[in-house]
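Here is the structure we will look at, set down as structure tokens.
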Amino acid sequence: MSSNSHSINLHQSEIPTHSLQLPSTTTMAEQIRVVTLNCWGLKYISKDRHERVTAIASALARSDYDIIALQEIWVEADYNEIRQSVVSRLPYTKLFHSGALGAGLAILTKWPIIATSMTPYSLVGEPTDAFGGDWFVGKGVGSVTIMHPVLGQVQLLVTHFCAKGGESGPEYNRTYRLVNAWEFAKVTRQAAELGRYVIAMGDFNSIPTSLPVNIILNYAGLVDSWATSHAHIPPPSGMLSPIEGVVNYGVTADSPLNSYRDSEPSGDPIVRKYQGKRLDYILFRHPSPNGSNDHLPRLTCRDSQVVFTDSILGNSCSYSDHFGVEATLAIDMQAEGKQDDMASLKDTSAVWFNSPSELSSNVVTEVMSTFNTSYRMSQDRSRKELTIFATSILALIGLIIGSAWVVVPWLNPVFVLLVIYLSWVATTNLYEGFIFGNWERKALQNVIEELELYKQILVSQAPHDW
């Protein structure tokens, strides 16, 4: 094993904690077993981190997964503990590095890694939002390309979107998450255009009906493994039990079954309706159509479940503040000859090579409107912050001049403290209003221009539909 194994280990997995699964008799050429889990591994902040990471490592060691995707694995020692527990089965691993405190993203896989990349998101948070923390970490898309014995090159993506903004209220509250979704979808689409299969995993901090998920599924052409395997489940008609929310509707966050959920009842209507939220996904797609790949093997989702739902053995705490998601992706080697039948299939996972995916005009208009609103709000905020900066500078000058006329000695320390405070206020607002403000607006401008071009191209290609 390489001494550099924390980056990429070229040497040669969760199961539902309530039901230990033995390795399947199906050959590796027929299916791919995938799991994703947000580990909630913040150093000094996350509760019971050591116990939980050890339990996660133990559960993964007993599993039969071919691909594991982890989020919020911030401490490298925690990553190494999990890696060591599965290295005999999954020898190829990658921990992604980005930002001041790391990306918190990792992928472990059975098959050889032939390329890796880390694409940071252009907008992840505000520098003054210290408690949110998104500004200080390197949120983005971690990517590894593996060489699968049947599918050839498969690009595995892991991500963690910004959490700020919730699900209710105007869309501009979730501007950063929308930027994340657009940039993630571009990476996915580019991978497929290179002729690769794509499997994307992570904590998207978005419910299935949200605008970010709409962008991901329709622009990137991704298939939601949970939605395809649970298409027979009708919408809830009454009050659900927490177990029903997990088993039938894929709840992975804010579940009453999780020991780290806030004890206070949630006012979020989504949480009340589903007994939590589905924020974690396993998505997949096929290579983009190019005329020569009509008979490539077809991926379908055979099964998907929420996992890591039980408490740790001998402990009352959950494995994480999120549950995990697993999916079994079947590889259909008999895709040739089935093209004529696909039009009649209702399963979205069957709509593949010959069905290019694009955003609707309404979605593009809504996203552009959201970004334009956020751009104007950023301008207004910067003006206010720069006004505070100028006022603080004037106050500092006044204090400095006024201190020369103070004859009472005990007032000197007060003047010093005021100078320190005003200096901090001035510096913070200068950075926030000028440096970050311009940074934010330029990132928004880039995305707005990309969407404008995208809309123009779609209008020229399908004027009657637009």
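Chain labels follow the order of the structure tokens: the first chain is A, the next B, and so on; residue numbering restarts at 1 in every chain, and ligands are counted from 1 in their shown order.
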Need the shell around Ala227 in chain A: protein/DNA/RNA residues with any atom at most 12 Å away, counting only C-alpha atoms. Skip same-chain ones fewer than 6 positions apart. Format as a PyMOL selection string? chain A and resi 208-209+217+233-235+248-250+278+281-284+300-305+327+347-349
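Residues lying within 12 Å of Cys317 in chain A, counting only C-alpha atoms and ignoring same-chain neighbours fewer than 4 positions away, are Lys47, Asp48, Arg49, His50, Glu51, Arg52, Val53, Ala55, Leu257, Asn258, Ser259, Tyr260, Arg261, Phe308, Thr309, Asp310, Ser311, Ile312, Leu313, Asp321 and His322 of chain A.
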Would you write out, as CSV, a table of all residues in range 131-232 of chain A that have an atom no more than 12 Å from an atom of range 430-453 of chain A, listing for each the closest atom pair and the distance in Å to one decimal, considering only C-alpha atoms and ordering rows by chain and rising residue number?
residue,atom,partner,partner_atom,distance
A:Trp135,CA,A:Phe436,CA,10.8
A:Tyr172,CA,A:Leu444,CA,11.8
A:Thr175,CA,A:Leu444,CA,9.1
A:Tyr176,CA,A:Leu444,CA,9.3
A:Leu178,CA,A:Val447,CA,10.0
A:Val179,CA,A:Val447,CA,7.4
A:Asn180,CA,A:Val447,CA,10.4
A:Ala181,CA,A:Val447,CA,11.1
A:Trp182,CA,A:Val447,CA,8.1
A:Glu183,CA,A:Val447,CA,8.6
A:Lys186,CA,A:Glu450,CA,10.6
A:Ile215,CA,A:Leu451,CA,11.7
A:Tyr219,CA,A:Leu451,CA,11.3
Please provide the set of residues having any atom within 9 Å of Glu167 in chain A, restricted to only C-alpha atoms, with same-chain residues fewer than 3 positions apart removed, written as an mmCIF file with all heavy atoms, in the first residue's frame.
data_model
loop_
_atom_site.group_PDB
_atom_site.id
_atom_site.type_symbol
_atom_site.label_atom_id
_atom_site.label_comp_id
_atom_site.auth_asym_id
_atom_site.auth_seq_id
_atom_site.Cartn_x
_atom_site.Cartn_y
_atom_site.Cartn_z
ATOM 1 N N PRO A 170 -38.838 32.616 -1.126
ATOM 2 C CA PRO A 170 -38.427 32.864 -2.519
ATOM 3 C C PRO A 170 -37.153 32.122 -2.884
ATOM 4 O O PRO A 170 -36.311 31.846 -2.029
ATOM 5 C CB PRO A 170 -38.227 34.384 -2.558
ATOM 6 C CG PRO A 170 -38.023 34.802 -1.138
ATOM 7 C CD PRO A 170 -38.827 33.852 -0.315
ATOM 8 N N GLU A 171 -37.001 31.834 -4.175
ATOM 9 C CA GLU A 171 -35.861 31.056 -4.641
ATOM 10 C C GLU A 171 -34.531 31.771 -4.423
ATOM 11 O O GLU A 171 -33.491 31.113 -4.305
ATOM 12 C CB GLU A 171 -36.012 30.721 -6.136
ATOM 13 C CG GLU A 171 -37.007 29.621 -6.433
ATOM 14 C CD GLU A 171 -36.613 28.274 -5.839
ATOM 15 O OE1 GLU A 171 -35.409 28.051 -5.579
ATOM 16 O OE2 GLU A 171 -37.507 27.446 -5.632
ATOM 17 N N ASN A 173 -33.398 32.924 -1.908
ATOM 18 C CA ASN A 173 -32.803 32.455 -0.644
ATOM 19 C C ASN A 173 -31.861 31.278 -0.878
ATOM 20 O O ASN A 173 -30.997 31.001 -0.049
ATOM 21 C CB ASN A 173 -33.895 32.027 0.342
ATOM 22 C CG ASN A 173 -34.701 33.195 0.872
ATOM 23 O OD1 ASN A 173 -34.226 34.327 0.877
ATOM 24 N ND2 ASN A 173 -35.919 32.932 1.307
ATOM 25 N N ARG A 174 -32.062 30.594 -1.995
ATOM 26 C CA ARG A 174 -31.272 29.393 -2.300
ATOM 27 C C ARG A 174 -30.373 29.604 -3.520
ATOM 28 O O ARG A 174 -30.042 28.657 -4.233
ATOM 29 C CB ARG A 174 -32.219 28.204 -2.541
ATOM 30 C CG ARG A 174 -32.974 27.785 -1.300
ATOM 31 C CD ARG A 174 -34.055 26.763 -1.574
ATOM 32 N NE ARG A 174 -35.205 27.361 -2.257
ATOM 33 C CZ ARG A 174 -36.140 28.082 -1.659
ATOM 34 N NH1 ARG A 174 -36.068 28.309 -0.357
ATOM 35 N NH2 ARG A 174 -37.150 28.587 -2.339
ATOM 36 N N SER A 206 -31.362 19.272 -1.022
ATOM 37 C CA SER A 206 -32.514 19.696 -1.813
ATOM 38 C C SER A 206 -33.529 18.568 -1.865
ATOM 39 O O SER A 206 -33.156 17.407 -2.077
ATOM 40 C CB SER A 206 -32.088 20.060 -3.244
ATOM 41 O OG SER A 206 -31.065 21.029 -3.260
ATOM 42 N N ILE A 207 -34.803 18.916 -1.711
ATOM 43 C CA ILE A 207 -35.847 17.897 -1.796
ATOM 44 C C ILE A 207 -36.133 17.585 -3.269
ATOM 45 O O ILE A 207 -35.782 18.368 -4.164
ATOM 46 C CB ILE A 207 -37.127 18.354 -1.075
ATOM 47 C CG1 ILE A 207 -37.675 19.641 -1.699
ATOM 48 C CG2 ILE A 207 -36.859 18.549 0.419
ATOM 49 C CD1 ILE A 207 -39.020 20.071 -1.129
ATOM 50 N N SER A 210 -37.571 20.287 -5.721
ATOM 51 C CA SER A 210 -36.939 21.608 -5.704
ATOM 52 C C SER A 210 -36.361 21.973 -7.064
ATOM 53 O O SER A 210 -36.115 21.117 -7.925
ATOM 54 C CB SER A 210 -35.838 21.653 -4.646
ATOM 55 O OG SER A 210 -34.780 20.790 -5.008
ATOM 56 N N ASP A 268 -41.348 23.148 9.502
ATOM 57 C CA ASP A 268 -41.225 22.967 8.060
ATOM 58 C C ASP A 268 -42.351 22.048 7.574
ATOM 59 O O ASP A 268 -42.475 20.911 8.022
ATOM 60 C CB ASP A 268 -39.861 22.349 7.738
ATOM 61 C CG ASP A 268 -39.556 22.354 6.253
ATOM 62 O OD1 ASP A 268 -40.469 22.050 5.458
ATOM 63 O OD2 ASP A 268 -38.401 22.660 5.885
ATOM 64 N N ILE A 270 -42.637 20.418 4.824
ATOM 65 C CA ILE A 270 -42.103 19.200 4.193
ATOM 66 C C ILE A 270 -41.777 18.162 5.259
ATOM 67 O O ILE A 270 -42.082 16.973 5.116
ATOM 68 C CB ILE A 270 -40.853 19.529 3.356
ATOM 69 C CG1 ILE A 270 -41.196 20.484 2.213
ATOM 70 C CG2 ILE A 270 -40.227 18.251 2.820
ATOM 71 C CD1 ILE A 270 -42.147 19.905 1.197
#
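Nearest to Arg285 in chain A of all the residues A:Tyr421, A:Tyr197, A:Phe415, A:Trp40 is A:Tyr197, counting only C-alpha atoms.
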Contacts of Gly398 in chain A at 12 Å (only C-alpha atoms; same-chain gap of 5+ positions) as JSON, numbers by chain: {"A": [391, 392, 393, 403, 404, 405, 415, 418, 419, 422]}
Those same residues, written as a PDB file, in the first residue's frame with N, CA, C and O atoms?
ATOM      1  N   THR A 391     -18.334  55.163   7.225  1.00  0.00           N
ATOM      2  CA  THR A 391     -18.733  55.748   8.512  1.00  0.00           C
ATOM      3  C   THR A 391     -17.767  55.344   9.622  1.00  0.00           C
ATOM      4  O   THR A 391     -17.412  56.155  10.486  1.00  0.00           O
ATOM      5  N   SER A 392     -17.327  54.088   9.587  1.00  0.00           N
ATOM      6  CA  SER A 392     -16.380  53.603  10.603  1.00  0.00           C
ATOM      7  C   SER A 392     -15.045  54.337  10.505  1.00  0.00           C
ATOM      8  O   SER A 392     -14.429  54.668  11.523  1.00  0.00           O
ATOM      9  N   ILE A 393     -14.601  54.596   9.285  1.00  0.00           N
ATOM     10  CA  ILE A 393     -13.341  55.327   9.094  1.00  0.00           C
ATOM     11  C   ILE A 393     -13.463  56.743   9.648  1.00  0.00           C
ATOM     12  O   ILE A 393     -12.549  57.244  10.343  1.00  0.00           O
ATOM     13  N   SER A 403      -9.039  61.833  21.112  1.00  0.00           N
ATOM     14  CA  SER A 403      -8.251  61.280  22.214  1.00  0.00           C
ATOM     15  C   SER A 403      -7.161  62.241  22.674  1.00  0.00           C
ATOM     16  O   SER A 403      -6.705  62.174  23.828  1.00  0.00           O
ATOM     17  N   ALA A 404      -6.740  63.155  21.788  1.00  0.00           N
ATOM     18  CA  ALA A 404      -5.705  64.122  22.180  1.00  0.00           C
ATOM     19  C   ALA A 404      -6.227  65.136  23.200  1.00  0.00           C
ATOM     20  O   ALA A 404      -5.440  65.781  23.896  1.00  0.00           O
ATOM     21  N   TRP A 405      -7.536  65.249  23.276  1.00  0.00           N
ATOM     22  CA  TRP A 405      -8.118  66.247  24.189  1.00  0.00           C
ATOM     23  C   TRP A 405      -8.665  65.616  25.461  1.00  0.00           C
ATOM     24  O   TRP A 405      -9.218  66.320  26.302  1.00  0.00           O
ATOM     25  N   PHE A 415     -11.135  54.333  24.823  1.00  0.00           N
ATOM     26  CA  PHE A 415     -10.827  54.775  23.461  1.00  0.00           C
ATOM     27  C   PHE A 415     -10.100  53.677  22.685  1.00  0.00           C
ATOM     28  O   PHE A 415     -10.360  53.473  21.491  1.00  0.00           O
ATOM     29  N   LEU A 418     -12.634  51.072  21.628  1.00  0.00           N
ATOM     30  CA  LEU A 418     -13.462  51.599  20.546  1.00  0.00           C
ATOM     31  C   LEU A 418     -12.709  51.608  19.215  1.00  0.00           C
ATOM     32  O   LEU A 418     -13.272  51.299  18.168  1.00  0.00           O
ATOM     33  N   VAL A 419     -11.442  51.946  19.270  1.00  0.00           N
ATOM     34  CA  VAL A 419     -10.624  51.948  18.055  1.00  0.00           C
ATOM     35  C   VAL A 419     -10.510  50.534  17.491  1.00  0.00           C
ATOM     36  O   VAL A 419     -10.626  50.320  16.272  1.00  0.00           O
ATOM     37  N   LEU A 422     -13.993  49.545  16.008  1.00  0.00           N
ATOM     38  CA  LEU A 422     -14.277  50.232  14.752  1.00  0.00           C
ATOM     39  C   LEU A 422     -13.342  49.772  13.628  1.00  0.00           C
ATOM     40  O   LEU A 422     -13.737  49.714  12.465  1.00  0.00           O
TER      41      LEU A 422
END
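Assigned to strand (DSSP E) in range 70-123 of chain A, given DSSP computed from backbone atoms, are Leu70, Gln71, Tyr92, Thr93, Lys94, Leu95, Ala106, Ile107, Leu108, Thr109, Ile113, Ile114, Ala115, Thr116, Ser117, Met118, Thr119 and Pro120 of chain A.
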Please, could you write that set of residues out with N, CA and C atoms as a PDB file, in the first residue's frame?
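Resulting contents of out_10.pdb:
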ATOM      1  N   LEU A  70     -18.592   9.361   0.458  1.00  0.00           N
ATOM      2  CA  LEU A  70     -18.729   9.958   1.787  1.00  0.00           C
ATOM      3  C   LEU A  70     -18.700  11.475   1.681  1.00  0.00           C
ATOM      4  N   GLN A  71     -19.504  12.121   2.527  1.00  0.00           N
ATOM      5  CA  GLN A  71     -19.467  13.571   2.659  1.00  0.00           C
ATOM      6  C   GLN A  71     -19.218  13.930   4.124  1.00  0.00           C
ATOM      7  N   TYR A  92      -9.094   1.113  -4.155  1.00  0.00           N
ATOM      8  CA  TYR A  92      -8.858   2.357  -4.889  1.00  0.00           C
ATOM      9  C   TYR A  92      -9.676   3.475  -4.263  1.00  0.00           C
ATOM     10  N   THR A  93      -9.012   4.468  -3.719  1.00  0.00           N
ATOM     11  CA  THR A  93      -9.703   5.487  -2.937  1.00  0.00           C
ATOM     12  C   THR A  93      -9.171   6.874  -3.255  1.00  0.00           C
ATOM     13  N   LYS A  94     -10.010   7.855  -2.972  1.00  0.00           N
ATOM     14  CA  LYS A  94      -9.619   9.242  -3.171  1.00  0.00           C
ATOM     15  C   LYS A  94     -10.294  10.124  -2.123  1.00  0.00           C
ATOM     16  N   LEU A  95      -9.470  10.882  -1.392  1.00  0.00           N
ATOM     17  CA  LEU A  95      -9.949  11.929  -0.496  1.00  0.00           C
ATOM     18  C   LEU A  95      -9.680  13.256  -1.182  1.00  0.00           C
ATOM     19  N   ALA A 106     -15.114  12.023  -0.227  1.00  0.00           N
ATOM     20  CA  ALA A 106     -14.246  10.877  -0.510  1.00  0.00           C
ATOM     21  C   ALA A 106     -15.005   9.834  -1.316  1.00  0.00           C
ATOM     22  N   ILE A 107     -14.270   9.077  -2.116  1.00  0.00           N
ATOM     23  CA  ILE A 107     -14.822   7.950  -2.875  1.00  0.00           C
ATOM     24  C   ILE A 107     -13.908   6.753  -2.689  1.00  0.00           C
ATOM     25  N   LEU A 108     -14.499   5.595  -2.450  1.00  0.00           N
ATOM     26  CA  LEU A 108     -13.771   4.333  -2.331  1.00  0.00           C
ATOM     27  C   LEU A 108     -14.412   3.351  -3.303  1.00  0.00           C
ATOM     28  N   THR A 109     -13.604   2.659  -4.092  1.00  0.00           N
ATOM     29  CA  THR A 109     -14.170   1.834  -5.147  1.00  0.00           C
ATOM     30  C   THR A 109     -13.369   0.553  -5.369  1.00  0.00           C
ATOM     31  N   ILE A 113      -8.766   3.427 -10.425  1.00  0.00           N
ATOM     32  CA  ILE A 113      -8.974   4.846 -10.715  1.00  0.00           C
ATOM     33  C   ILE A 113      -7.941   5.274 -11.757  1.00  0.00           C
ATOM     34  N   ILE A 114      -8.428   5.893 -12.845  1.00  0.00           N
ATOM     35  CA  ILE A 114      -7.507   6.316 -13.896  1.00  0.00           C
ATOM     36  C   ILE A 114      -7.413   7.839 -14.010  1.00  0.00           C
ATOM     37  N   ALA A 115      -8.308   8.565 -13.319  1.00  0.00           N
ATOM     38  CA  ALA A 115      -8.233  10.033 -13.334  1.00  0.00           C
ATOM     39  C   ALA A 115      -9.043  10.592 -12.177  1.00  0.00           C
ATOM     40  N   THR A 116      -8.619  11.732 -11.649  1.00  0.00           N
ATOM     41  CA  THR A 116      -9.364  12.408 -10.576  1.00  0.00           C
ATOM     42  C   THR A 116      -9.369  13.905 -10.835  1.00  0.00           C
ATOM     43  N   SER A 117     -10.354  14.579 -10.265  1.00  0.00           N
ATOM     44  CA  SER A 117     -10.387  16.037 -10.319  1.00  0.00           C
ATOM     45  C   SER A 117     -11.282  16.551  -9.201  1.00  0.00           C
ATOM     46  N   MET A 118     -11.060  17.812  -8.830  1.00  0.00           N
ATOM     47  CA  MET A 118     -11.896  18.481  -7.839  1.00  0.00           C
ATOM     48  C   MET A 118     -12.306  19.823  -8.430  1.00  0.00           C
ATOM     49  N   THR A 119     -13.607  20.047  -8.565  1.00  0.00           N
ATOM     50  CA  THR A 119     -14.127  21.287  -9.131  1.00  0.00           C
ATOM     51  C   THR A 119     -14.854  22.068  -8.040  1.00  0.00           C
ATOM     52  N   PRO A 120     -14.213  23.087  -7.451  1.00  0.00           N
ATOM     53  CA  PRO A 120     -14.888  23.870  -6.397  1.00  0.00           C
ATOM     54  C   PRO A 120     -16.046  24.672  -6.980  1.00  0.00           C
TER      55      PRO A 120
END
Please identify which residues in range 172-272 of chain A DSSP calls helix (DSSP H, G or I) from the backbone, and express them as a ChimeraX atom specification. /A:172-193,211-219,225-229,242-249,269-272
Taking 4 positions as the minimum chain separation for residues in the same chain, which residues sit within 9 Å of Val251 in chain A when counting only C-alpha atoms? Answer as a ChimeraX atom specification. /A:242,244-247,255,274-280,306,323
Based on the selection just made, write N, CA and C atoms of those residues as a CSV table (one decimal), in the first residue's frame.
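Contents of result.csv, freshly written:
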chain,number,residue,atom,x,y,z
A,242,PRO,N,-42.8,7.8,11.1
A,242,PRO,CA,-41.4,8.0,10.7
A,242,PRO,C,-40.8,6.9,9.9
A,244,GLU,N,-42.5,4.9,7.8
A,244,GLU,CA,-43.0,5.0,6.5
A,244,GLU,C,-42.3,6.1,5.7
A,245,GLY,N,-42.0,7.2,6.4
A,245,GLY,CA,-41.2,8.3,5.7
A,245,GLY,C,-39.9,7.8,5.2
A,246,VAL,N,-39.2,6.9,5.9
A,246,VAL,CA,-37.9,6.4,5.5
A,246,VAL,C,-38.1,5.3,4.5
A,247,VAL,N,-38.9,4.4,4.7
A,247,VAL,CA,-39.0,3.2,3.8
A,247,VAL,C,-39.7,3.5,2.5
A,255,SER,N,-35.3,13.2,10.4
A,255,SER,CA,-36.2,12.1,10.8
A,255,SER,C,-36.3,12.0,12.3
A,274,TYR,N,-43.6,14.5,5.4
A,274,TYR,CA,-42.9,13.2,5.2
A,274,TYR,C,-42.2,12.7,6.4
A,275,GLN,N,-42.3,13.3,7.5
A,275,GLN,CA,-41.5,13.0,8.7
A,275,GLN,C,-40.0,13.1,8.4
A,276,GLY,N,-39.6,14.1,7.7
A,276,GLY,CA,-38.3,14.4,7.4
A,276,GLY,C,-38.1,14.8,6.0
A,277,LYS,N,-36.9,14.8,5.5
A,277,LYS,CA,-36.6,15.3,4.1
A,277,LYS,C,-35.7,14.3,3.4
A,278,ARG,N,-35.9,14.1,2.1
A,278,ARG,CA,-35.0,13.4,1.3
A,278,ARG,C,-34.0,14.3,0.7
A,279,LEU,N,-32.8,14.3,1.2
A,279,LEU,CA,-31.7,15.2,0.7
A,279,LEU,C,-30.5,14.5,0.1
A,280,ASP,N,-30.5,13.2,0.2
A,280,ASP,CA,-29.3,12.4,-0.2
A,280,ASP,C,-29.7,11.6,-1.4
A,306,VAL,N,-32.9,3.3,2.1
A,306,VAL,CA,-32.3,4.1,3.1
A,306,VAL,C,-31.6,3.2,4.1
A,323,PHE,N,-29.2,9.8,7.4
A,323,PHE,CA,-29.2,8.4,7.0
A,323,PHE,C,-28.5,8.3,5.7
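Pairwise distance (CA of Ser58 in chain A, CA of Tyr44 in chain A) equals 22.1 Å.
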